[in-house]
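Participant: I'd like to ask some things about the structure below.
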Amino acid sequence: MREYIDGSTAIVRGALDAGCTFFAGYPITPASGILMAMMRELPKVGGVAIQGEDEIASIGMCIGATLAGSRAMTATSGPGISLYSENIGLAVMGEVPLVIVDVQRLGPSTGGATTVSQGDVQFVRWGTGGGFPIIALAPSTVTESYWLTAKAFDLAERFRCPVFVVTDKELATTLTTVDLESYPTIQVRDREVGSGGPPYRYAPADEVAPLHEFGRGATVRFTGSTHDTGGYITKHLPTVDALNRHLSEKIEDHRDEIELADADLEDGAPTLVIGYGVTGGAVRAAVAEARRRGIRVSGLVVQSLWPIPETVIRRAMEGVDRVVVPELNLGLYRREVERIAAGRSVVGVNRVDGELIDVDQIVEAVT
Amino acid sequence: MTVDITPLRRYRNETPYPFCPGCGHGSILDKLSEALATIDIDPASVVVVSDIGCAGLSDQYFDTSAFHGLHGRSITYATGVKLARPELTVIVIMGDGGTGIGGTHLINAARRNVGITVLVFNNLNFGMTGGQHSTTTPDGAVTATTPGGNLEHPLDICATVGVNGAGYVYRGTSFDDDLSTRIVEAIRHPGFALLDIWELCTAYFVPANKFTRRGLESTIERLGLATGVLYQHDVAEYATAYRAASRDLPSRMRPVGIPTTHPSPLTDTTSLVVAGSAGAKVRSAARLVGEAAIRSGLWATQRDDYPVTVKTGHSLSEVVLGPRPAAPVGVTVPDVAVVVSADGLRKVQPMLAAMGLNGVVFTIPEFADVVTGARLVVIDPTASPVRIPKAQLALVLLTAAVARLGLFPVEAMTEAAAAGAFAEENLAAIEAGRGL
């Protein structure tokens, strides 16, 4: 059997199947579909969903609820990510598992509320102060919207950090026919809960301590200020250094656990097309069309935007002398690809008029 | 004879306070500690959520659970904790600064009546950052940022939360003998409780304004602010009410499979654009076409375009049907266009002009002179034996297009409509469309 479903519904179902128990969000096009579905569905499974008075309150409630034992998600669009900024930092610093959905629309500012864009890819990466690593996944289909949301919950627990699901107006609202059998099952790990003793641990630097939750018998200290392992504010140099290295290394040293990409490589192809998100659909179609015309080409749809999956991209670039990067912005991810491309020619196919990139545009760039 | 004495639980730890001599923070915290000991709650189930500023340091002097977050947002974290675990005792400690930057959270938590207790350490200025004026600085007061005297009117915190539904509201000073009793009452109150506790900032406000305890009391009087318990009424606590309202709900959503019941002769991808007015059921009509196509073994996608407004302007749906799955991509020139309103026509005019001889445009007599390279099929809804409402024009013309082009059997449309919302009127529209 098949179903007719949009990306928002798939994200909600992915969250419910991953064990999400808390949602807070504020209405914003094109992310409101997720808010409305969560408001309707979460109380049915014993969870709590609430519409905050603004985006700041919404993500704040999610962080509070997580510390009290919930698995939380919030969803917004670019203007809302702007308001999330300070609390994204809090979640990074306090090591709070949290899933943040960004349904991108054309920016900057209110921009085009009902218009597609991929303008937030660097924003989610650097959207808070401090310069620490962020994990971001980007679905390119409805099916991926489902399983990458579940995966985001898993990674949030694994690394005790906020994880973005970066989608967009078209993926979230476009109805697509999906074979019910095509949804993979994602194992979402149970939360490891600590009790008693210090709630944080910085050595070994790359290891993640279990989350200490409120109301489980022992007192728990949580803070967004630079803190020691007990959760007390500190300026002790070795402790500050250890904390900050830990926040980075717990992710950077385990990039292999995060890297996700859908590679369709052709031996000896001189050209590689790298896309992500909604543009990934056009990349797949363009690769098929180019091959139909006898052009040798490889395709790579990046599913884990951040950290950038360098190993997969490097492997895909072997033997390639030209890389094409289509995206709905003026080359925001291309510069990351250029860094890895080591002198290969990297060409962008870019569109910022609010329309999707045409398959022919990519085919043209490949030939 | 031996007597079992349960030792009093400890809430305050051994660390001395870091506050300036004469600052009121320490005495309020002592009263909080006393209040917690009176109630005798497990310290682990007490969560002290501290805001920013000198008052924001408070949680470190307690052996309870603690959450120290961002400036002005303490109420949002406290709300999240309480919603997730209503049985926990959640106490917010914030300064008057927090009532400014976090004003909306204050009002909305009061309005929702989330069962948290908020202690406002109101020392009338920003004490940690250099004595700048805050929302509660009295008019005329001299601060680092109001050197000529404050021109702003001070915020009445109690009235603000009180008139907006807070369950328990108290105003007093750090010198009040009954403060710990009031804190006990506030914590025991099931709904949102707030204590606006005025105090002295000996680092800044006191020297800048030659302020004293007497000055504190006379300022409250001069501003016409009442003291004591100002609001106290029974309210439904939000987290508890939410759980009560969540009982007996149907089970969560699951995938709804669409059966394949018809064949389709379609061997190639066909794109179809329907253009009408927002609020005129363009998207829902297009969705029925997609569902009917799936019933006919096809793969469909539907992309919508509409302005931010709801019932004005254009509404455009692009439906792509094919025998194989395909990712949604933009439709530049469609194979079939259905135009049912002037709003829609304006939007797709260039698209229609670009369509070639292989394309087909379905429209109503009003737009019979449309410029297009495609074959034009004009359908007159008034020729129908039944009256066709404007909002059904999209579905009527889409049905006519499906029938005339033989994309898939119209019976699939009927089945899709019968299985969905507004079945009766949609079935009537499909019937009318197939007859035209």
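Starting from 1 in every chain, residues are counted up; chains themselves are A, B, ... following the order of the structure tokens, and ligands are numbered from 1 as listed.
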Could you pull out the strand (DSSP E) residues of stretch 165-290 of chain B, going by DSSP on the backbone, and write them as an MDAnalysis selection string?

Facilitator: chainID B and resid 168:173 193:198 228:232 270:277

Participant: Would you output that residue set with C-alpha atoms, as a compact mmCIF listing (two decimals), in the first residue's frame?

Facilitator:
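Result went into result36.txt, see below:
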```
# COMPACT_ATOMS: atom_id res chain seq x y z
CA TYR B 168 -1.20 33.89 44.29
CA VAL B 169 0.45 37.33 44.36
CA TYR B 170 2.28 39.00 47.25
CA ARG B 171 4.21 42.24 47.59
CA GLY B 172 6.52 42.96 50.49
CA THR B 173 10.11 43.71 51.41
CA ALA B 193 2.50 32.21 42.53
CA LEU B 194 4.63 35.34 42.61
CA LEU B 195 6.28 37.28 45.42
CA ASP B 196 7.51 40.77 44.54
CA ILE B 197 10.10 41.33 47.26
CA TRP B 198 11.53 44.85 47.43
CA GLY B 228 0.66 41.93 51.48
CA VAL B 229 -1.21 39.11 49.75
CA LEU B 230 -2.86 40.90 46.81
CA TYR B 231 -4.41 38.03 44.87
CA GLN B 232 -5.24 34.56 46.06
CA THR B 270 2.12 14.05 -16.75
CA SER B 271 2.21 17.39 -15.01
CA LEU B 272 -0.96 19.22 -14.21
CA VAL B 273 -1.30 22.72 -12.84
CA VAL B 274 -4.53 23.96 -11.32
CA ALA B 275 -4.78 27.71 -10.81
CA GLY B 276 -7.52 29.38 -8.83
CA SER B 277 -8.15 31.64 -5.87
```

Participant: Please identify all polymer residues within 8 Å of B:Ala400, counting only C-alpha atoms, omitting same-chain residues fewer than 5 positions from it, and present them as a list in words.

Facilitator: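 The filter keeps Gly433, Arg434, Gly435 and Leu436 of chain B.
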
Participant: Considering only C-alpha atoms, return as a list in words whatever protein or nucleic-acid residues lie within 9 Å of B:Val235, sequence-local ones (same chain, fewer than 4 positions apart) excluded.

Facilitator: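 Close residues of B:Val235: Asn113, Gly165, Ala166, Gly167, Pro190, Gly191 and Phe192 of chain B.
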
Participant: Now that the selection is made, can you save its residues with C-alpha atoms as a JSON list (two decimals), in the first residue's frame?

Facilitator:
```json
[["chain", "number", "residue", "atom", "x", "y", "z"],
["B", 113, "ASN", "CA", -1.28, 29.34, 35.70],
["B", 165, "GLY", "CA", -4.84, 35.25, 36.16],
["B", 166, "ALA", "CA", -2.02, 34.47, 38.60],
["B", 167, "GLY", "CA", -3.24, 32.31, 41.49],
["B", 190, "PRO", "CA", -1.22, 24.90, 43.16],
["B", 191, "GLY", "CA", -1.16, 27.60, 40.48],
["B", 192, "PHE", "CA", 1.22, 30.35, 39.47]]
```

Participant: Can you pull out every residue within 8 Å of A:Gly217, counting only C-alpha atoms, but drop anything in the same chain fewer than 5 positions away, and send it as a PDB file with N, CA and C atoms, in the first residue's frame?

Facilitator:
```pdb
ATOM      1  N   SER A 195      22.505   9.168  38.190  1.00  0.00           N
ATOM      2  CA  SER A 195      21.913   9.635  39.440  1.00  0.00           C
ATOM      3  C   SER A 195      22.982   9.697  40.513  1.00  0.00           C
TER       4      SER A 195
ATOM      5  N   ALA B  44      15.842  16.987  46.551  1.00  0.00           N
ATOM      6  CA  ALA B  44      16.071  16.565  45.168  1.00  0.00           C
ATOM      7  C   ALA B  44      14.865  16.855  44.286  1.00  0.00           C
ATOM      8  N   SER B  45      13.678  16.965  44.910  1.00  0.00           N
ATOM      9  CA  SER B  45      12.500  17.234  44.092  1.00  0.00           C
ATOM     10  C   SER B  45      12.152  18.722  44.072  1.00  0.00           C
TER      11      SER B  45
END
```

Participant: Tell me which of B:Met355, B:Ala326, B:Gly98, B:Ala337 sits closest to A:Thr141, counting only C-alpha atoms.

Facilitator: B:Ala326

Participant: Quick one: pull the distance between atom CA of B:Leu321 and atom CA of A:Asp179, Å, one decimal.

Facilitator: 15.2 Å

Participant: List the spatial neighbours of B:Phe121 as an MDAnalysis selection string - criterion: any atom at most 8 Å away, only C-alpha atoms, same-chain residues fewer than 3 positions off excluded.

Facilitator: chainID B and resid 25 55 93:96 196:199

Participant: Create the file for the chosen residues now, containing C-alpha atoms and written as a short mmCIF file (atom, residue, chain, number, x, y, z; two decimals), in the first residue's frame.

Facilitator:
```
data_model
loop_
_atom_site.label_atom_id
_atom_site.label_comp_id
_atom_site.auth_asym_id
_atom_site.auth_seq_id
_atom_site.Cartn_x
_atom_site.Cartn_y
_atom_site.Cartn_z
CA HIS B 25 19.43 38.84 48.74
CA ALA B 55 20.04 36.99 42.32
CA ILE B 93 14.55 33.27 41.54
CA MET B 94 14.83 36.34 39.36
CA GLY B 95 15.74 39.98 39.73
CA ASP B 96 13.73 42.97 38.56
CA ASP B 196 7.51 40.77 44.54
CA ILE B 197 10.10 41.33 47.26
CA TRP B 198 11.53 44.85 47.43
CA GLU B 199 15.02 45.20 48.85
#
```

Participant: Which one of B:Thr99, B:Thr414, B:Thr15, B:Thr79 sits closest to chain A if you count only C-alpha atoms?

Facilitator: B:Thr79

Participant: Determine the nearest neighbour of A:Arg339 from the options A:Ala75, A:Ile308, A:Ile134, A:Met36, counting only C-alpha atoms.

Facilitator: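 Smallest separation from A:Arg339 among the options: A:Ile308.
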
Participant: Dump as a list in words the residues of chain B that approach chain A to within 6 Å, counting only C-alpha atoms.

Facilitator: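 The contacting residues on chain B are Ala44, Ser45, Thr64, Ser65, Ala66, Phe67, His68, Gly69, Thr76, Tyr77, Thr79, Gly80, Val81, Ala84, Ser246, Leu249, Ser251, Arg252, Gly257, Ile258, Pro259, Trp299, Ala300, Thr301, Gln302, Arg303, Ala327 and Gly330 of chain B.
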
Participant: So that I can see what lies close to A:Trp306, please list as number ranges by chain the residues with an atom at most 8 Å from it, counting only C-alpha atoms and leaving out residues fewer than 6 positions away in the same chain.

Facilitator: A: 125, 134-137

Participant: Restricted to C-alpha atoms, what would the selected residues look like written as a compact mmCIF listing (two decimals), in the first residue's frame?

Facilitator:
```
# COMPACT_ATOMS: atom_id res chain seq x y z
CA ARG A 125 25.96 25.60 11.90
CA ILE A 134 26.62 21.27 15.82
CA ILE A 135 24.96 18.21 14.35
CA ALA A 136 22.50 18.83 11.51
CA LEU A 137 20.70 16.30 9.33
```

Participant: As a PyMOL selection string, list the residues of stretch 209-294 of chain B assigned to alpha helix (DSSP H) by DSSP on the backbone atoms of this structure.

Facilitator: chain B and resi 209+213-222+238-245+282-294

Participant: Counting only C-alpha atoms, what is within 9 Å of A:Pro108, bar same-chain residues fewer than 5 positions away, as a PyMOL selection string?

Facilitator: chain A and resi 78-79+119

Participant: Pull C-alpha atoms from the residues just selected and write them as a CSV table (one decimal), in the first residue's frame.

Facilitator:
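The file below, part.csv, is the result:
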```
chain,number,residue,atom,x,y,z
A,78,GLY,CA,14.7,30.9,9.8
A,79,PRO,CA,13.2,33.9,11.7
A,119,GLY,CA,19.6,29.7,3.0
```

Participant: What does the distance from atom CA of B:Ala342 to atom CA of B:Arg387 come to in Å, to one decimal?

Facilitator: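 Computing the Euclidean distance for atom CA of B:Ala342 and atom CA of B:Arg387 yields 20.5 Å.
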
Participant: Calculate how many Å separate atom CA of A:Val101 from atom CA of A:Phe164, rounding to one decimal.

Facilitator: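 Those two atoms sit 5.7 Å apart.
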
Participant: Calculated over only C-alpha atoms, which of the candidates A:Ile11, A:Ala18, A:Leu328, A:Val116 has the smallest distance to A:Leu35?

Facilitator: A:Ile11
